[in-house]
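Working notes, beginning with the structure itself.
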Amino acid sequence: MTLTKRGLVLRISEETGHVQQEVFEIVQRTFDHIVKALSHGDKVELRNFGIFEVRVRKARTGRNPSAPGIEVPIPERSVVKFKAGREMRLGVGKLNPKLLAKPGTQTPKV
């Protein structure tokens, strides 16, 4: 199951008793401030959740899968990296990998 922004708003609205529109505006403004900070090159640190930061990926040469002999230059670009916080790592670490496996795929053997 995927948690969407709408699902997040519904859950918060139910838990707090606030109107969905108010919750939506707060959630959207939170995301807007995170995006704005990242677009200025700032790091966003949310304790126990994680850290968002902008990193620069070096320019490199790629290959077209349809024509493997042809090299394609990929320019340098900025990307957002996320490092999970302690509580998130611990919570996700409790998951059973077999429950996450999709039908037809195999979990890696350790």
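How things are named: the first chain in the structure tokens is A, the next is B, and so on; residues count from 1 in each chain; ligands count from 1 in the order shown.
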
**Item:** Test item, strand (DSSP E or B) assignment across region 47-93 of chain A, answer as a PyMOL selection string
**Value:** chain A and resi 50-57+60-64+67-74+77-84

Go ahead and save the residues from that selection, with N, CA and C atoms, as a compact mmCIF listing (two decimals), in the first residue's frame.
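Result file is out08.txt:
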# COMPACT_ATOMS: atom_id res chain seq x y z
N GLY A 50 14.86 12.10 9.29
CA GLY A 50 15.92 11.97 8.31
C GLY A 50 16.46 13.31 7.87
N ILE A 51 17.42 13.25 6.96
CA ILE A 51 18.09 14.43 6.44
C ILE A 51 17.97 14.44 4.92
N PHE A 52 17.51 15.57 4.39
CA PHE A 52 17.49 15.80 2.95
C PHE A 52 18.64 16.75 2.64
N GLU A 53 19.42 16.44 1.62
CA GLU A 53 20.45 17.37 1.20
C GLU A 53 20.69 17.26 -0.30
N VAL A 54 21.21 18.36 -0.86
CA VAL A 54 21.47 18.41 -2.29
C VAL A 54 22.92 18.00 -2.52
N ARG A 55 23.11 17.11 -3.45
CA ARG A 55 24.45 16.68 -3.85
C ARG A 55 24.58 16.85 -5.35
N VAL A 56 25.79 16.97 -5.81
CA VAL A 56 26.04 17.11 -7.25
C VAL A 56 26.55 15.79 -7.79
N ARG A 57 25.84 15.27 -8.79
CA ARG A 57 26.31 14.05 -9.46
C ARG A 57 27.26 14.46 -10.57
N ARG A 60 29.07 12.03 -16.53
CA ARG A 60 29.55 10.69 -16.84
C ARG A 60 29.08 10.30 -18.23
N THR A 61 29.59 9.18 -18.69
CA THR A 61 29.18 8.66 -19.98
C THR A 61 28.26 7.48 -19.76
N GLY A 62 27.10 7.52 -20.39
CA GLY A 62 26.15 6.44 -20.29
C GLY A 62 26.03 5.69 -21.60
N ARG A 63 25.24 4.66 -21.61
CA ARG A 63 25.03 3.88 -22.83
C ARG A 63 23.54 3.72 -23.07
N ASN A 64 23.18 3.79 -24.31
CA ASN A 64 21.79 3.60 -24.71
C ASN A 64 21.51 2.10 -24.72
N ALA A 67 20.94 0.68 -28.13
CA ALA A 67 22.12 0.64 -29.00
C ALA A 67 23.36 0.72 -28.09
N PRO A 68 23.77 -0.40 -27.50
CA PRO A 68 24.83 -0.40 -26.49
C PRO A 68 26.17 0.16 -26.98
N GLY A 69 26.40 0.18 -28.25
CA GLY A 69 27.68 0.68 -28.77
C GLY A 69 27.76 2.20 -28.77
N ILE A 70 26.65 2.86 -28.58
CA ILE A 70 26.63 4.32 -28.64
C ILE A 70 26.75 4.89 -27.23
N GLU A 71 27.77 5.74 -27.04
CA GLU A 71 27.96 6.39 -25.74
C GLU A 71 27.18 7.70 -25.72
N VAL A 72 26.57 7.98 -24.58
CA VAL A 72 25.77 9.20 -24.43
C VAL A 72 26.33 9.99 -23.26
N PRO A 73 26.72 11.27 -23.50
CA PRO A 73 27.23 12.07 -22.38
C PRO A 73 26.08 12.49 -21.46
N ILE A 74 26.26 12.28 -20.15
CA ILE A 74 25.27 12.69 -19.16
C ILE A 74 25.91 13.83 -18.37
N ARG A 77 24.71 17.17 -12.61
CA ARG A 77 23.42 17.71 -12.17
C ARG A 77 23.27 17.58 -10.67
N SER A 78 22.37 18.38 -10.13
CA SER A 78 22.08 18.35 -8.70
C SER A 78 20.96 17.35 -8.44
N VAL A 79 21.09 16.58 -7.36
CA VAL A 79 20.07 15.61 -6.97
C VAL A 79 19.84 15.72 -5.46
N VAL A 80 18.67 15.30 -5.02
CA VAL A 80 18.35 15.29 -3.59
C VAL A 80 18.66 13.90 -3.04
N LYS A 81 19.39 13.87 -1.96
CA LYS A 81 19.69 12.62 -1.27
C LYS A 81 18.97 12.63 0.06
N PHE A 82 18.51 11.46 0.50
CA PHE A 82 17.82 11.33 1.78
C PHE A 82 18.52 10.28 2.61
N LYS A 83 18.80 10.64 3.86
CA LYS A 83 19.39 9.69 4.80
C LYS A 83 18.39 9.52 5.93
N ALA A 84 17.91 8.31 6.11
CA ALA A 84 16.90 8.03 7.13
C ALA A 84 17.45 8.25 8.53

**Fill in**
Expressed in Å, the length from CA of Ile34 (chain A) to CA of Val19 (chain A) is 23.1 Å

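Proximity to Phe49 (chain A) was assessed for A:Asp32, A:Glu15, A:Glu87, A:Glu25 counting only C-alpha atoms; the smallest distance is recorded for A:Glu87.
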
**Request:** Pull the alpha helix (DSSP H) assignments for region 55-90 of chain A out of DSSP run on the backbone, and list those residues as an MDAnalysis selection string.
**Result:** chainID A and resid 86:90

What are the closest atom pairs, with distances in Å to one decimal, for each residue of region 15-107 of chain A lying within 10 Å of region 3-10 of chain A, using only C-alpha atoms, rows by chain and rising residue number, as CSV?
residue,atom,partner,partner_atom,distance
A:Glu15,CA,A:Leu10,CA,8.6
A:His18,CA,A:Leu10,CA,9.8
A:Val19,CA,A:Leu10,CA,9.3
A:Gln20,CA,A:Val9,CA,6.4
A:Gln21,CA,A:Val9,CA,8.5
A:Glu22,CA,A:Val9,CA,9.2
A:Val23,CA,A:Val9,CA,5.9
A:Phe24,CA,A:Val9,CA,5.7
A:Glu25,CA,A:Val9,CA,9.3
A:Ile26,CA,A:Val9,CA,9.2
A:Val27,CA,A:Val9,CA,7.3
A:Gln28,CA,A:Lys5,CA,8.7

Quick one: write out the picked residues with N, CA and C atoms as a compact mmCIF listing (two decimals), in the first residue's frame?
# COMPACT_ATOMS: atom_id res chain seq x y z
N GLU A 15 -7.05 12.07 13.32
CA GLU A 15 -6.39 11.99 14.63
C GLU A 15 -6.52 13.29 15.42
N HIS A 18 -8.96 18.25 13.16
CA HIS A 18 -8.90 19.46 12.34
C HIS A 18 -9.55 19.19 10.98
N VAL A 19 -10.01 20.28 10.36
CA VAL A 19 -10.64 20.19 9.04
C VAL A 19 -9.57 19.77 8.03
N GLN A 20 -9.96 18.92 7.08
CA GLN A 20 -9.03 18.40 6.09
C GLN A 20 -8.33 19.51 5.31
N GLN A 21 -9.06 20.57 4.96
CA GLN A 21 -8.46 21.66 4.18
C GLN A 21 -7.34 22.35 4.96
N GLU A 22 -7.54 22.53 6.27
CA GLU A 22 -6.50 23.14 7.12
C GLU A 22 -5.27 22.24 7.18
N VAL A 23 -5.50 20.96 7.36
CA VAL A 23 -4.40 20.00 7.43
C VAL A 23 -3.66 19.97 6.10
N PHE A 24 -4.41 19.97 4.99
CA PHE A 24 -3.79 19.96 3.66
C PHE A 24 -2.88 21.17 3.49
N GLU A 25 -3.36 22.35 3.89
CA GLU A 25 -2.55 23.57 3.75
C GLU A 25 -1.28 23.49 4.58
N ILE A 26 -1.36 22.94 5.77
CA ILE A 26 -0.18 22.81 6.63
C ILE A 26 0.82 21.83 6.02
N VAL A 27 0.32 20.68 5.57
CA VAL A 27 1.19 19.68 4.95
C VAL A 27 1.83 20.26 3.69
N GLN A 28 1.04 20.93 2.86
CA GLN A 28 1.57 21.50 1.61
C GLN A 28 2.62 22.58 1.90
